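Coordinates from protein-v2.cif are shown below (mmCIF, C-alpha atoms).
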data_entry
#
loop_
_atom_site.label_atom_id
_atom_site.label_comp_id
_atom_site.auth_asym_id
_atom_site.auth_seq_id
_atom_site.Cartn_x
_atom_site.Cartn_y
_atom_site.Cartn_z
CA MET A 19 193.86 22.10 37.76
CA THR A 20 191.52 19.60 36.11
CA LYS A 21 189.97 19.95 32.68
CA GLU A 22 186.64 20.80 34.32
CA ASN A 23 188.25 23.64 36.30
CA THR A 24 189.97 24.94 33.18
CA GLU A 25 186.57 25.22 31.52
CA ASN A 26 185.54 27.62 34.28
CA TYR A 27 187.94 30.11 32.65
CA ILE A 28 186.75 29.60 29.09
CA SER A 29 183.13 28.73 28.38
CA SER A 30 181.52 28.31 24.96
CA VAL A 31 178.05 29.71 24.55
CA SER A 32 177.68 27.27 21.67
CA ARG A 33 180.09 25.22 19.60
CA ASN A 34 181.06 28.27 17.55
CA ARG A 35 181.00 31.02 20.17
CA TYR A 36 183.68 32.11 22.57
CA LYS A 37 182.81 34.08 25.71
CA CYS A 38 184.73 35.11 28.77
CA GLY A 39 183.62 38.04 30.88
CA ASN A 40 182.53 40.82 28.53
CA HIS A 41 184.48 39.40 25.61
CA GLU A 42 182.50 37.45 23.06
CA LYS A 43 183.47 36.42 19.56
CA THR A 44 182.23 34.12 16.83
CA LEU A 45 184.60 31.23 16.18
CA ILE A 46 184.39 30.45 12.49
CA TRP A 47 186.51 27.32 12.37
CA ALA A 48 184.98 23.86 12.30
CA ALA A 49 186.98 20.85 13.47
CA ASP A 50 185.13 18.46 11.18
CA ILE A 51 188.06 16.32 10.06
CA GLU A 52 187.90 13.26 12.25
CA SER A 53 191.19 11.40 12.51
CA THR A 54 191.01 7.69 13.21
CA THR A 55 192.60 6.84 16.54
CA THR A 56 194.10 3.58 17.72
CA VAL A 57 195.66 2.03 20.81
CA LYS A 58 197.72 -0.36 18.69
CA LEU A 59 200.84 1.78 18.68
CA SER A 60 204.01 1.82 20.74
CA THR A 61 203.86 5.64 20.74
CA THR A 62 201.35 8.23 22.01
CA GLY A 63 200.38 9.17 18.44
CA GLY A 64 197.20 7.14 18.20
CA HIS A 65 195.09 9.43 20.38
CA VAL A 66 193.77 13.01 20.14
CA TRP A 67 194.76 14.57 23.47
CA ASP A 68 192.76 17.26 25.27
CA ALA A 69 195.63 19.70 24.75
CA SER A 70 195.15 19.44 20.97
CA HIS A 71 191.49 20.47 21.28
CA ARG A 72 192.44 23.35 23.56
CA LEU A 73 195.16 24.52 21.15
CA PHE A 74 192.77 24.37 18.19
CA ASP A 75 190.27 26.60 20.01
CA PHE A 76 193.05 28.99 21.01
CA LEU A 77 194.40 29.26 17.47
CA ASN A 78 190.87 29.80 16.17
CA TYR A 79 190.63 32.91 18.34
CA PHE A 80 194.12 34.27 17.80
CA PHE A 81 194.91 33.61 14.13
CA GLU A 82 192.76 36.59 13.17
CA ASP A 83 194.83 38.84 15.43
CA GLU A 84 198.02 37.42 13.88
CA ASP A 85 196.47 38.09 10.46
CA PHE A 86 197.57 34.68 9.21
CA THR A 87 194.23 33.94 7.56
CA ASN A 88 195.21 36.08 4.56
CA LYS A 89 198.94 35.38 4.43
CA LYS A 90 200.90 32.65 2.73
CA VAL A 91 202.55 31.17 5.81
CA ASN A 92 204.44 27.97 6.45
CA ILE A 93 203.38 26.00 9.53
CA LEU A 94 205.21 23.09 11.14
CA GLU A 95 203.56 20.70 13.58
CA LEU A 96 205.87 18.70 15.82
CA GLY A 97 204.58 15.35 17.05
CA ALA A 98 201.48 15.42 14.85
CA GLY A 99 200.31 12.00 16.01
CA CYS A 100 197.13 10.99 14.17
CA GLY A 101 197.03 14.42 12.46
CA TRP A 102 193.81 15.83 13.92
CA LEU A 103 195.21 19.24 14.88
CA GLY A 104 197.28 19.97 11.80
CA LEU A 105 194.67 18.71 9.34
CA ASN A 106 191.89 20.80 10.85
CA LEU A 107 194.20 23.80 10.96
CA ALA A 108 195.06 23.39 7.26
CA LYS A 109 191.42 22.93 6.34
CA ASN A 110 190.41 26.22 8.00
CA LEU A 111 193.40 28.31 6.86
CA ARG A 112 192.62 28.23 3.16
CA ASN A 113 195.46 30.63 2.20
CA VAL A 114 198.20 28.79 4.05
CA SER A 115 201.26 28.00 1.93
CA GLN A 116 202.03 24.69 3.60
CA VAL A 117 201.38 22.74 6.77
CA CYS A 118 204.04 20.14 7.48
CA LEU A 119 202.96 17.35 9.83
CA THR A 120 205.89 15.54 11.43
CA GLU A 121 206.09 12.32 13.39
CA GLN A 122 208.66 9.72 14.34
CA VAL A 123 209.04 6.95 11.82
CA ASN A 124 209.04 3.93 14.13
CA GLY A 125 206.24 2.68 16.32
CA GLY A 126 203.45 2.79 13.73
CA ALA A 127 202.58 6.47 14.22
CA MET A 128 203.87 7.54 10.80
CA GLU A 129 201.81 4.99 8.92
CA HIS A 130 198.76 5.94 10.96
CA LEU A 131 199.31 9.66 10.23
CA VAL A 132 199.64 9.05 6.48
CA LEU A 133 196.41 7.03 6.39
CA ASN A 134 194.51 9.85 8.12
CA CYS A 135 195.96 12.42 5.71
CA GLU A 136 194.86 10.37 2.69
CA THR A 137 191.34 10.18 4.11
CA ALA A 138 191.28 13.97 4.58
CA TYR A 139 192.54 14.55 1.02
CA GLU A 140 189.60 12.57 -0.36
CA ARG A 141 187.20 14.97 1.34
CA TYR A 142 189.15 18.21 0.86
CA SER A 143 191.20 17.90 -2.31
CA HIS A 144 192.79 21.35 -1.94
CA MET A 145 194.72 20.06 1.07
CA ARG A 146 196.90 17.85 -1.14
CA ASP A 147 198.75 20.99 -2.23
CA SER A 148 199.16 22.48 1.24
CA VAL A 149 199.66 19.51 3.59
CA HIS A 150 202.56 17.13 3.54
CA VAL A 151 204.10 14.66 5.96
CA CYS A 152 207.73 14.39 7.05
CA GLY A 153 209.53 12.04 9.35
CA CYS A 154 211.34 13.71 12.23
CA ASP A 155 213.76 11.98 14.62
CA TRP A 156 214.44 14.27 17.57
CA THR A 157 217.60 12.36 18.50
CA HIS A 158 219.21 13.80 15.35
CA TYR A 159 219.15 17.19 17.06
CA ALA A 160 221.16 16.03 20.09
CA ASP A 161 224.80 16.87 20.64
CA ASP A 162 227.35 14.34 21.86
CA ALA A 163 226.88 15.46 25.49
CA SER A 164 223.12 14.95 25.52
CA PRO A 165 221.94 12.85 28.48
CA VAL A 166 219.38 11.26 26.16
CA LEU A 167 222.15 9.73 24.05
CA LYS A 168 223.99 8.56 27.14
CA ASN A 169 220.81 6.99 28.58
CA PRO A 170 218.56 6.34 25.58
CA VAL A 171 214.82 5.86 26.03
CA VAL A 172 213.71 2.53 24.61
CA GLU A 173 210.13 2.59 23.33
CA SER A 174 208.12 -0.59 23.75
CA THR A 175 207.18 -2.38 20.55
CA SER A 176 203.59 -2.55 19.38
CA ASP A 177 201.40 -5.55 20.08
CA GLU A 178 202.14 -8.57 17.91
CA ASN A 179 198.56 -8.53 16.62
CA SER A 180 198.72 -4.87 15.62
CA GLN A 181 198.20 -4.04 11.96
CA LEU A 182 200.29 -0.89 12.46
CA GLU A 183 203.75 -2.32 13.00
CA PHE A 184 207.03 -0.50 12.49
CA CYS A 185 207.05 0.95 8.98
CA GLU A 186 209.89 1.64 6.63
CA TRP A 187 209.23 5.29 5.86
CA LYS A 188 210.04 5.98 2.23
CA GLY A 189 209.00 9.60 2.31
CA GLU A 190 210.75 12.85 3.16
CA MET A 191 212.58 13.55 6.40
CA LEU A 192 212.32 17.06 7.83
CA SER A 193 215.43 19.12 7.18
CA LYS A 194 217.11 20.26 10.38
CA ASP A 195 217.89 23.60 8.71
CA SER A 196 214.32 24.42 7.69
CA LYS A 197 212.81 27.56 9.22
CA TRP A 198 209.10 28.11 9.70
CA ASP A 199 206.79 31.06 10.24
CA PHE A 200 204.81 29.20 12.86
CA VAL A 201 205.42 26.01 14.84
CA ILE A 202 202.71 24.20 16.80
CA GLY A 203 202.53 21.20 19.11
CA ALA A 204 200.54 19.78 22.00
CA ASP A 205 201.62 17.72 25.03
CA LEU A 206 205.00 16.63 23.69
CA VAL A 207 206.83 16.38 27.02
CA TYR A 208 206.30 13.01 28.67
CA ASN A 209 209.80 11.43 28.69
CA ASP A 210 213.48 12.38 28.66
CA ILE A 211 213.49 12.83 24.90
CA GLY A 212 210.88 15.57 25.11
CA VAL A 213 212.54 17.22 28.11
CA HIS A 214 216.01 17.43 26.59
CA LEU A 215 215.51 17.35 22.81
CA LEU A 216 212.25 19.20 22.13
CA PRO A 217 213.92 22.54 23.06
CA CYS A 218 216.68 21.74 20.55
CA VAL A 219 214.14 20.92 17.85
CA ILE A 220 212.16 24.10 18.50
CA ARG A 221 215.30 26.26 18.39
CA SER A 222 216.41 24.66 15.14
CA HIS A 223 213.19 25.47 13.28
CA LEU A 224 212.49 28.99 14.55
CA ARG A 225 214.02 32.17 13.23
CA GLU A 226 213.90 35.61 14.79
CA GLY A 227 210.35 36.88 14.62
CA SER A 228 208.70 33.49 14.22
CA LYS A 229 207.10 31.64 17.12
CA MET A 230 205.89 28.35 18.46
CA VAL A 231 202.53 28.06 20.16
CA TYR A 232 202.60 25.04 22.42
CA ALA A 233 199.80 23.51 24.51
CA HIS A 234 201.21 21.90 27.64
CA THR A 235 199.44 20.10 30.47
CA ARG A 236 201.10 21.53 33.56
CA GLY A 237 201.47 19.24 36.54
CA ARG A 238 201.16 15.99 34.62
CA PHE A 239 204.87 15.25 35.00
CA GLU A 240 206.04 17.97 37.35
CA HIS A 241 209.74 17.04 37.37
CA TYR A 242 209.72 17.05 33.57
CA ASP A 243 208.05 20.48 33.56
CA ILE A 244 210.88 21.99 35.60
CA ASP A 245 213.66 20.60 33.41
CA PHE A 246 211.85 21.34 30.14
CA PHE A 247 211.43 25.05 30.82
CA GLU A 248 215.03 25.29 32.04
CA ASN A 249 216.17 23.68 28.80
CA LEU A 250 214.16 26.15 26.73
CA THR A 251 216.07 28.98 28.38
CA ALA A 252 219.37 27.17 27.86
CA GLN A 253 218.58 27.02 24.13
CA GLY A 254 218.18 30.80 23.97
CA LEU A 255 214.38 30.68 23.91
CA ARG A 256 211.92 32.74 25.90
CA PHE A 257 208.42 31.61 26.76
CA ARG A 258 205.29 33.16 28.18
CA GLU A 259 201.84 31.83 28.94
CA MET A 260 199.10 33.15 26.68
CA ARG A 261 195.38 33.49 27.36
CA GLU A 262 192.43 34.87 25.47
CA PRO A 263 191.42 38.44 26.43
CA GLY A 264 189.32 38.46 29.55
CA VAL A 265 190.45 35.06 30.77
CA PRO A 266 191.62 35.53 34.37
CA SER A 267 195.01 34.36 35.56
CA PRO A 268 194.91 30.90 37.15
CA PRO A 269 195.37 30.57 40.91
CA PRO A 270 199.02 30.61 42.03
CA SER A 271 200.66 27.20 41.81
CA PRO A 272 202.10 25.66 44.97
CA PRO A 273 205.90 25.33 45.19
CA PRO A 274 207.31 22.64 42.88
CA LEU A 275 207.30 19.03 44.05
CA THR A 276 205.32 19.74 47.23
CA GLU A 277 202.09 17.93 46.41
CA VAL A 278 201.57 14.25 45.64
CA TRP A 279 198.32 14.78 43.71
CA ARG A 280 198.88 18.03 41.89
CA ASP A 281 196.04 19.65 39.95
CA MET A 282 196.60 19.74 36.20
CA ARG A 283 195.65 22.40 33.68
CA ILE A 284 196.34 22.98 30.01
CA ALA A 285 198.45 26.09 29.45
CA ILE A 286 199.26 27.71 26.10
CA TYR A 287 202.82 29.00 25.68
CA GLU A 288 204.36 31.31 23.11
CA ILE A 289 208.00 30.34 22.51
CA GLN A 290 210.41 32.59 20.61
CA ILE A 291 214.12 33.13 20.12
CA ILE A 292 215.62 35.63 22.56
CA SER A 293 216.69 38.60 20.45
#

Transcribe the structure of this file into C-alpha cells.
Amino acid sequence: MTKENTENYISSVSRNRYKCGNHEKTLIWAADIESTTTVKLSTTGGHVWDASHRLFDFLNYFFEDEDFTNKKVNILELGAGCGWLGLNLAKNLRNVSQVCLTEQVNGGAMEHLVLNCETAYERYSHMRDSVHVCGCDWTHYADDASPVLKNPVVESTSDENSQLEFCEWKGEMLSKDSKWDFVIGADLVYNDIGVHLLPCVIRSHLREGSKMVYAHTRGRFEHYDIDFFENLTAQGLRFREMREPGVPSPPPSPPPLTEVWRDMRIAIYEIQIIS
C-alpha cells in the first residue's frame, strides 16, 4: 500500500487535528525541531524517513493513553539517524527522565546526529538534561552462530568529498544490559544486520512490562519482513500491529512473495517480551 493509500485511513483535519470516522482528537505536539539531513553518508541516517513521521503522529495520539506525559520514563531510540524523531519526542514530553538516541559510530551518522542535537539544545536548553547520545553496534549482540558474523555486511564508505567521514566516537556506548521503559525505532530492517540482530537488540533492552513501538514499511523488502518477524518470535518476543481507534484494518495482504510490485504501507507494531 502506498503512502497516499495509507493516508486514506488516517486524515488530518489540520496539522494539529486527528480524525478517523467518528473519532477526533486534538494533537498537541509540534514537530518543530528540524534536523539537518544529508546524502553524504555511507548509512541511511542522513534522511528523515516517512515511517518516522508516521510514528511521531502515532505516539502523539497514544502517549496520553499510556500516561507517559506525567511520568518520569526512560526512552531508547534505536537507529536514531539524524535525530528528528527522538528530539521532537523529547521536546514534547517535558517530564521525561531521559531520551537516549543511539546510532552506529562509523559511516558519519554519529557525527551528524551529535551536530543536530547541539543545534536543538541551543533552542531548547532543557533538553540538555534529558537527551543524550550513545553509540550502539548491533554486531555486539550477535552470538557466535549468527549468520551475520559468518557473512558480514560491508557498508560502503562515504564519498571522498564528504565532510562527514568516519568519526572516532569518544562518547558513551550503550550498555547491553540497560533496560528501558519504552523503545522506539522506524524502518530499521533493510539488510541482514537488521533482520538477524535487531530482534537481539530489542530483546536485550526490554524487560517484562516494557515495550517497543516500531514503525515498519511492510512490503519494501518482503523477504526481510518474513525473516525479521520469525526472528522476533525466536527471541521470545511477541508483536502485534497497532492502529488508532476507528482506523479500519487494511485490506488482506496477498500470500508472501507472490507479487513483483507489492504495495507498501507503514505499519506500527508493539513488541514485548512473551511472559

Quick one, how far is CA of Thr120 (chain A) from CA of Leu192 (chain A)?
7.5 Å

On this file, the PyMOL selection byres ((chain A and resi 146-148) around 7) gives some set of residues; write that set as a PyMOL selection string.
chain A and resi 114-117+139+143-145+149-150

Identify, on the basis of all atoms listed in the file, every residue whose closest approach to Asp195 (chain A) does not exceed 10 Å; exclude the query and any residue fewer than 3 positions from it along the same chain; express the result as a compact mmCIF listing (two decimals) with C-alpha atoms, keeping the file's coordinate frame.
# COMPACT_ATOMS: atom_id res chain seq x y z
CA LEU A 192 212.32 17.06 7.83
CA TRP A 198 209.10 28.11 9.70
CA SER A 222 216.41 24.66 15.14
CA HIS A 223 213.19 25.47 13.28
CA LEU A 224 212.49 28.99 14.55

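Remark: residues at most 8 Å from position (201.2, 27.3, 19.1) in file coordinates are Leu73, Leu77, Phe200, Val201, Ile202, Gly203, Lys229, Met230, Val231, Tyr232, Ala233, Ile286, Tyr287 and Glu288 of chain A, using all atoms listed in the file.
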
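Of the residues listed (A:Arg256, A:Ala98, A:Ala127, A:Glu262), A:Glu262 shows the shortest atom-to-atom separation from Asn78 (chain A); distances use all atoms listed in the file.
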